[in-house]
$ cat entry06.pdb   # PDB, C-alpha atoms, pLDDT in the B column
ATOM      1  CA  MET Q 287    -206.678   0.226 111.402  1.00 50.00           C
ATOM      2  CA  GLU Q 288    -203.067  -0.471 110.408  1.00 63.00           C
ATOM      3  CA  ASN Q 289    -202.756   3.021 108.899  1.00 78.00           C
ATOM      4  CA  TYR Q 290    -202.827   4.574 112.373  1.00 81.00           C
ATOM      5  CA  TYR Q 291    -200.073   2.427 113.818  1.00 85.00           C
ATOM      6  CA  LEU Q 292    -197.347   3.283 111.325  1.00 80.00           C
ATOM      7  CA  PRO Q 293    -197.365   7.064 111.931  1.00 83.00           C
ATOM      8  CA  LEU Q 294    -197.549   6.434 115.670  1.00 88.00           C
ATOM      9  CA  LEU Q 295    -194.593   4.061 115.447  1.00 88.00           C
ATOM     10  CA  GLY Q 296    -192.681   6.588 113.343  1.00 84.00           C
ATOM     11  CA  GLY Q 297    -193.356   9.351 115.856  1.00 85.00           C
ATOM     12  CA  LEU Q 298    -192.240   7.141 118.723  1.00 89.00           C
ATOM     13  CA  LEU Q 299    -189.034   6.245 116.878  1.00 88.00           C
ATOM     14  CA  ILE Q 300    -188.302   9.903 116.106  1.00 85.00           C
ATOM     15  CA  GLY Q 301    -188.960  10.836 119.729  1.00 86.00           C
ATOM     16  CA  ALA Q 302    -186.706   8.060 120.988  1.00 89.00           C
ATOM     17  CA  ALA Q 303    -183.949   8.963 118.513  1.00 86.00           C
ATOM     18  CA  VAL Q 304    -183.868  12.653 119.410  1.00 85.00           C
ATOM     19  CA  SER Q 305    -184.028  11.798 123.119  1.00 86.00           C
ATOM     20  CA  PHE Q 306    -181.057   9.444 122.788  1.00 87.00           C
ATOM     21  CA  MET Q 307    -179.151  12.076 120.815  1.00 86.00           C
ATOM     22  CA  LEU Q 308    -179.731  14.649 123.552  1.00 84.00           C
ATOM     23  CA  TYR Q 309    -178.927  12.189 126.334  1.00 88.00           C
ATOM     24  CA  LEU Q 310    -175.860  10.556 124.760  1.00 86.00           C
ATOM     25  CA  ASN Q 311    -174.417  13.481 122.805  1.00 83.00           C
ATOM     26  CA  GLY Q 312    -175.805  16.514 124.601  1.00 84.00           C
ATOM     27  CA  ARG Q 313    -177.121  17.933 121.320  1.00 82.00           C
ATOM     28  CA  VAL Q 314    -180.500  18.448 119.728  1.00 80.00           C
ATOM     29  CA  THR Q 315    -181.152  16.597 116.490  1.00 83.00           C
ATOM     30  CA  GLY Q 316    -181.186  19.426 113.972  1.00 82.00           C
ATOM     31  CA  VAL Q 317    -180.616  17.530 110.738  1.00 84.00           C
ATOM     32  CA  SER Q 318    -179.782  20.595 108.644  1.00 82.00           C
ATOM     33  CA  GLY Q 319    -177.202  21.693 111.226  1.00 82.00           C
ATOM     34  CA  ILE Q 320    -175.708  18.220 111.364  1.00 86.00           C
ATOM     35  CA  ILE Q 321    -175.350  18.096 107.579  1.00 86.00           C
ATOM     36  CA  TYR Q 322    -174.125  21.707 107.329  1.00 84.00           C
ATOM     37  CA  ASP Q 323    -171.448  21.203 109.973  1.00 85.00           C
ATOM     38  CA  ALA Q 324    -170.349  17.897 108.422  1.00 88.00           C
ATOM     39  CA  VAL Q 325    -170.098  19.216 104.861  1.00 86.00           C
ATOM     40  CA  VAL Q 326    -169.533  22.990 105.006  1.00 84.00           C
ATOM     41  CA  THR Q 327    -167.735  23.608 108.323  1.00 82.00           C
ATOM     42  CA  PRO Q 328    -166.226  20.285 109.413  1.00 83.00           C
ATOM     43  CA  THR Q 329    -163.941  20.000 112.418  1.00 80.00           C
ATOM     44  CA  LYS Q 330    -161.904  16.885 113.102  1.00 75.00           C
ATOM     45  CA  LYS Q 331    -163.165  16.150 116.591  1.00 78.00           C
ATOM     46  CA  ASP Q 332    -166.815  16.808 115.814  1.00 80.00           C
ATOM     47  CA  SER Q 333    -167.406  15.437 112.330  1.00 82.00           C
ATOM     48  CA  VAL Q 334    -167.218  11.652 112.829  1.00 87.00           C
ATOM     49  CA  TRP Q 335    -170.549  11.290 114.640  1.00 87.00           C
ATOM     50  CA  ARG Q 336    -172.170  13.618 112.080  1.00 89.00           C
ATOM     51  CA  TRP Q 337    -171.117  11.330 109.206  1.00 92.00           C
ATOM     52  CA  TYR Q 338    -172.379   8.291 111.122  1.00 91.00           C
ATOM     53  CA  PHE Q 339    -175.702  10.069 111.578  1.00 90.00           C
ATOM     54  CA  ILE Q 340    -175.958  11.001 107.873  1.00 92.00           C
ATOM     55  CA  SER Q 341    -174.914   7.477 106.831  1.00 95.00           C
ATOM     56  CA  GLY Q 342    -177.557   5.981 109.120  1.00 93.00           C
ATOM     57  CA  MET Q 343    -180.275   8.105 107.529  1.00 91.00           C
ATOM     58  CA  LEU Q 344    -179.171   7.127 104.023  1.00 94.00           C
ATOM     59  CA  ILE Q 345    -178.786   3.439 104.854  1.00 96.00           C
ATOM     60  CA  GLY Q 346    -182.188   3.453 106.537  1.00 92.00           C
ATOM     61  CA  GLY Q 347    -183.705   4.909 103.366  1.00 90.00           C
ATOM     62  CA  PHE Q 348    -182.023   2.278 101.192  1.00 93.00           C
ATOM     63  CA  ILE Q 349    -183.250  -0.511 103.477  1.00 95.00           C
ATOM     64  CA  LEU Q 350    -186.798   0.866 103.319  1.00 90.00           C
ATOM     65  CA  ARG Q 351    -186.503   1.008  99.523  1.00 90.00           C
ATOM     66  CA  ILE Q 352    -185.657  -2.709  99.486  1.00 94.00           C
ATOM     67  CA  VAL Q 353    -188.130  -3.839 102.145  1.00 93.00           C
ATOM     68  CA  LYS Q 354    -191.088  -1.645 101.163  1.00 89.00           C
ATOM     69  CA  PRO Q 355    -190.557  -0.266  97.638  1.00 88.00           C
ATOM     70  CA  GLU Q 356    -194.177   0.908  97.371  1.00 87.00           C
ATOM     71  CA  ALA Q 357    -193.316   3.655  99.860  1.00 82.00           C
ATOM     72  CA  PHE Q 358    -191.380   5.320  97.020  1.00 80.00           C
ATOM     73  CA  SER Q 359    -193.918   4.803  94.235  1.00 79.00           C
ATOM     74  CA  GLY Q 360    -195.722   8.145  94.285  1.00 76.00           C
ATOM     75  CA  ASP Q 361    -195.841  10.480  91.313  1.00 76.00           C
ATOM     76  CA  LEU Q 362    -195.018  14.060  92.195  1.00 73.00           C
ATOM     77  CA  PRO Q 363    -197.162  16.744  90.550  1.00 72.00           C
ATOM     78  CA  THR Q 364    -194.125  18.867  89.756  1.00 74.00           C
ATOM     79  CA  SER Q 365    -190.965  18.819  87.684  1.00 76.00           C
ATOM     80  CA  ASN Q 366    -187.510  17.810  88.874  1.00 77.00           C
ATOM     81  CA  TRP Q 367    -186.120  21.333  88.559  1.00 81.00           C
ATOM     82  CA  THR Q 368    -188.847  22.527  90.936  1.00 79.00           C
ATOM     83  CA  LEU Q 369    -187.623  20.008  93.489  1.00 80.00           C
ATOM     84  CA  VAL Q 370    -184.057  21.289  93.128  1.00 85.00           C
ATOM     85  CA  VAL Q 371    -185.158  24.922  93.583  1.00 83.00           C
ATOM     86  CA  ALA Q 372    -187.342  23.938  96.545  1.00 81.00           C
ATOM     87  CA  GLY Q 373    -184.459  22.052  98.152  1.00 82.00           C
ATOM     88  CA  LEU Q 374    -182.137  25.033  97.765  1.00 84.00           C
ATOM     89  CA  LEU Q 375    -184.776  27.341  99.250  1.00 82.00           C
ATOM     90  CA  VAL Q 376    -185.249  24.998 102.202  1.00 81.00           C
ATOM     91  CA  GLY Q 377    -181.479  24.965 102.732  1.00 80.00           C
ATOM     92  CA  PHE Q 378    -181.386  28.760 102.636  1.00 81.00           C
ATOM     93  CA  GLY Q 379    -184.329  28.898 105.048  1.00 79.00           C
ATOM     94  CA  THR Q 380    -182.625  26.635 107.556  1.00 80.00           C
ATOM     95  CA  VAL Q 381    -179.588  28.916 107.580  1.00 77.00           C
ATOM     96  CA  LEU Q 382    -181.793  32.021 107.812  1.00 78.00           C
ATOM     97  CA  GLY Q 383    -183.949  30.494 110.567  1.00 75.00           C
ATOM     98  CA  SER Q 384    -180.979  29.024 112.449  1.00 78.00           C
ATOM     99  CA  GLY Q 385    -182.449  25.549 112.273  1.00 77.00           C
ATOM    100  CA  CYS Q 386    -184.885  23.240 110.584  1.00 77.00           C
ATOM    101  CA  THR Q 387    -188.129  21.474 111.393  1.00 76.00           C
ATOM    102  CA  SER Q 388    -186.308  18.657 113.149  1.00 76.00           C
ATOM    103  CA  GLY Q 389    -184.287  20.988 115.351  1.00 80.00           C
ATOM    104  CA  HIS Q 390    -186.996  23.529 116.080  1.00 82.00           C
ATOM    105  CA  GLY Q 391    -190.137  21.517 115.397  1.00 80.00           C
ATOM    106  CA  VAL Q 392    -189.280  18.253 117.116  1.00 82.00           C
ATOM    107  CA  CYS Q 393    -186.579  19.093 119.641  1.00 82.00           C
ATOM    108  CA  GLY Q 394    -187.263  22.755 120.402  1.00 81.00           C
ATOM    109  CA  THR Q 395    -191.013  22.531 120.822  1.00 82.00           C
ATOM    110  CA  SER Q 396    -190.690  19.473 123.050  1.00 80.00           C
ATOM    111  CA  ARG Q 397    -188.455  21.580 125.316  1.00 80.00           C
ATOM    112  CA  LEU Q 398    -191.001  24.455 125.104  1.00 86.00           C
ATOM    113  CA  SER Q 399    -188.401  26.791 123.622  1.00 85.00           C
ATOM    114  CA  PRO Q 400    -190.171  30.080 122.727  1.00 91.00           C
ATOM    115  CA  ARG Q 401    -187.772  30.618 119.813  1.00 87.00           C
ATOM    116  CA  SER Q 402    -188.531  27.153 118.438  1.00 86.00           C
ATOM    117  CA  LEU Q 403    -192.279  27.580 118.883  1.00 89.00           C
ATOM    118  CA  VAL Q 404    -192.168  30.825 116.871  1.00 90.00           C
ATOM    119  CA  ALA Q 405    -189.882  29.252 114.252  1.00 86.00           C
ATOM    120  CA  THR Q 406    -192.127  26.193 113.844  1.00 87.00           C
ATOM    121  CA  ILE Q 407    -195.264  28.301 113.491  1.00 90.00           C
ATOM    122  CA  THR Q 408    -193.427  30.443 110.938  1.00 87.00           C
ATOM    123  CA  PHE Q 409    -192.340  27.337 108.972  1.00 84.00           C
ATOM    124  CA  ILE Q 410    -195.896  26.054 108.820  1.00 87.00           C
ATOM    125  CA  LEU Q 411    -197.468  29.389 107.889  1.00 91.00           C
ATOM    126  CA  ALA Q 412    -194.829  30.058 105.214  1.00 86.00           C
ATOM    127  CA  GLY Q 413    -195.401  26.600 103.730  1.00 84.00           C
ATOM    128  CA  VAL Q 414    -199.181  27.038 103.649  1.00 90.00           C
ATOM    129  CA  ALA Q 415    -198.838  30.508 102.097  1.00 90.00           C
ATOM    130  CA  ALA Q 416    -196.346  29.288  99.480  1.00 84.00           C
ATOM    131  CA  VAL Q 417    -198.553  26.384  98.413  1.00 83.00           C
ATOM    132  CA  PHE Q 418    -201.601  28.645  98.240  1.00 88.00           C
ATOM    133  CA  VAL Q 419    -199.844  31.326  96.166  1.00 87.00           C
ATOM    134  CA  PHE Q 420    -198.071  28.905  93.848  1.00 80.00           C
ATOM    135  CA  ARG Q 421    -201.248  26.936  93.167  1.00 81.00           C
ATOM    136  CA  LYS Q 422    -203.285  30.083  92.544  1.00 83.00           C
ATOM    137  CA  LEU Q 423    -200.662  31.426  90.149  1.00 81.00           C
ATOM    138  CA  GLY Q 424    -200.003  28.036  88.559  1.00 75.00           C
ATOM    139  CA  VAL Q 425    -196.297  28.419  89.317  1.00 68.00           C
ATOM    140  CA  PHE Q 426    -193.944  25.429  89.507  1.00 58.00           C
ATOM    141  CA  LEU Q 427    -196.421  22.856  88.272  1.00 53.00           C
TER     142      LEU Q 427
END

$ encode --input "entry06.pdb" --output "structure tokens"
Amino acid sequence: MENYYLPLLGGLLIGAAVSFMLYLNGRVTGVSGIIYDAVVTPTKKDSVWRWYFISGMLIGGFILRIVKPEAFSGDLPTSNWTLVVAGLLVGFGTVLGSGCTSGHGVCGTSRLSPRSLVATITFILAGVAAVFVFRKLGVFL
């Protein structure tokens, strides 16, 4: 029964975090946009909170690694270079789609934004299609 509580708790924490971000900062929590604006197009008045946000995500990951190391013990069925290419493609997709799954999928769909609903459906369908094609062709394994 414990397996059902952890995803529920995670979803509640994500919902609370994005709600606080919108309430306190007046912005949706689009992680790719936050990182892009902090690293690629920084402005003095707007970059401090972005670096705090990024640092919090990294520190949270390091704490989880210490507290629950088994969460990181999975073997991936792909090579490291595939992960690098996939990461670059995701970054390109977030620029092309003007947002990422956290901005569109979590924040936009909760606000019933038609643009975000279409973007999220497109993300999911593109991911399913890519996995299907790559597995059928034996690419990137």

$ atom_distance --input "entry06.pdb" --atom1 "CA of Leu310 in chain Q" --atom2 "CA of Tyr338 in chain Q"
14.3 Å

$ closest_residue --input "entry06.pdb" --among "Q:Ser359, Q:Thr315, Q:Asn366, Q:Ser399" --to "Gly301 in chain Q" --atoms "all atoms listed in the file"
Q:Thr315

$ atom_distance --input "entry06.pdb" --atom1 "CA of Ile321 in chain Q" --atom2 "CA of Val414 in chain Q"
25.8 Å

$ atom_distance --input "entry06.pdb" --atom1 "CA of Ser384 in chain Q" --atom2 "CA of Pro293 in chain Q"
27.4 Å

$ resolve_selection --input "entry06.pdb" --expression "the PyMOL selection byres ((chain Q and resi 337) around 12)" --output "list in words"
Val317, Ile320, Ile321, Tyr322, Asp323, Ala324, Val325, Pro328, Thr329, Lys330, Lys331, Asp332, Ser333, Val334, Trp335, Arg336, Tyr338, Phe339, Ile340, Ser341, Gly342, Met343, Leu344 and Ile345 of chain Q

$ closest_residue --input "entry06.pdb" --among "Q:Gly377, Q:Ser388, Q:Val370, Q:Ile407" --to "Gly297 in chain Q" --atoms "all atoms listed in the file"
Q:Ser388

$ residues_around --input "entry06.pdb" --residues "Cys386 in chain Q" --least-positions-apart "2" --cutoff "10 Å" --atoms "all atoms listed in the file" --output "list in words"
Thr315, Gly316, Val317, Ser318, Gly319, Val376, Gly377, Gly379, Thr380, Val381, Leu382, Gly383, Ser384, Ser388, Gly389, His390, Gly391, Val392, Ser402, Ala405, Thr406 and Phe409 of chain Q

$ closest_residue --input "entry06.pdb" --among "Q:Asn289, Q:Val314, Q:Leu294, Q:Pro363" --to "Gly424 in chain Q" --atoms "only C-alpha atoms"
Q:Pro363
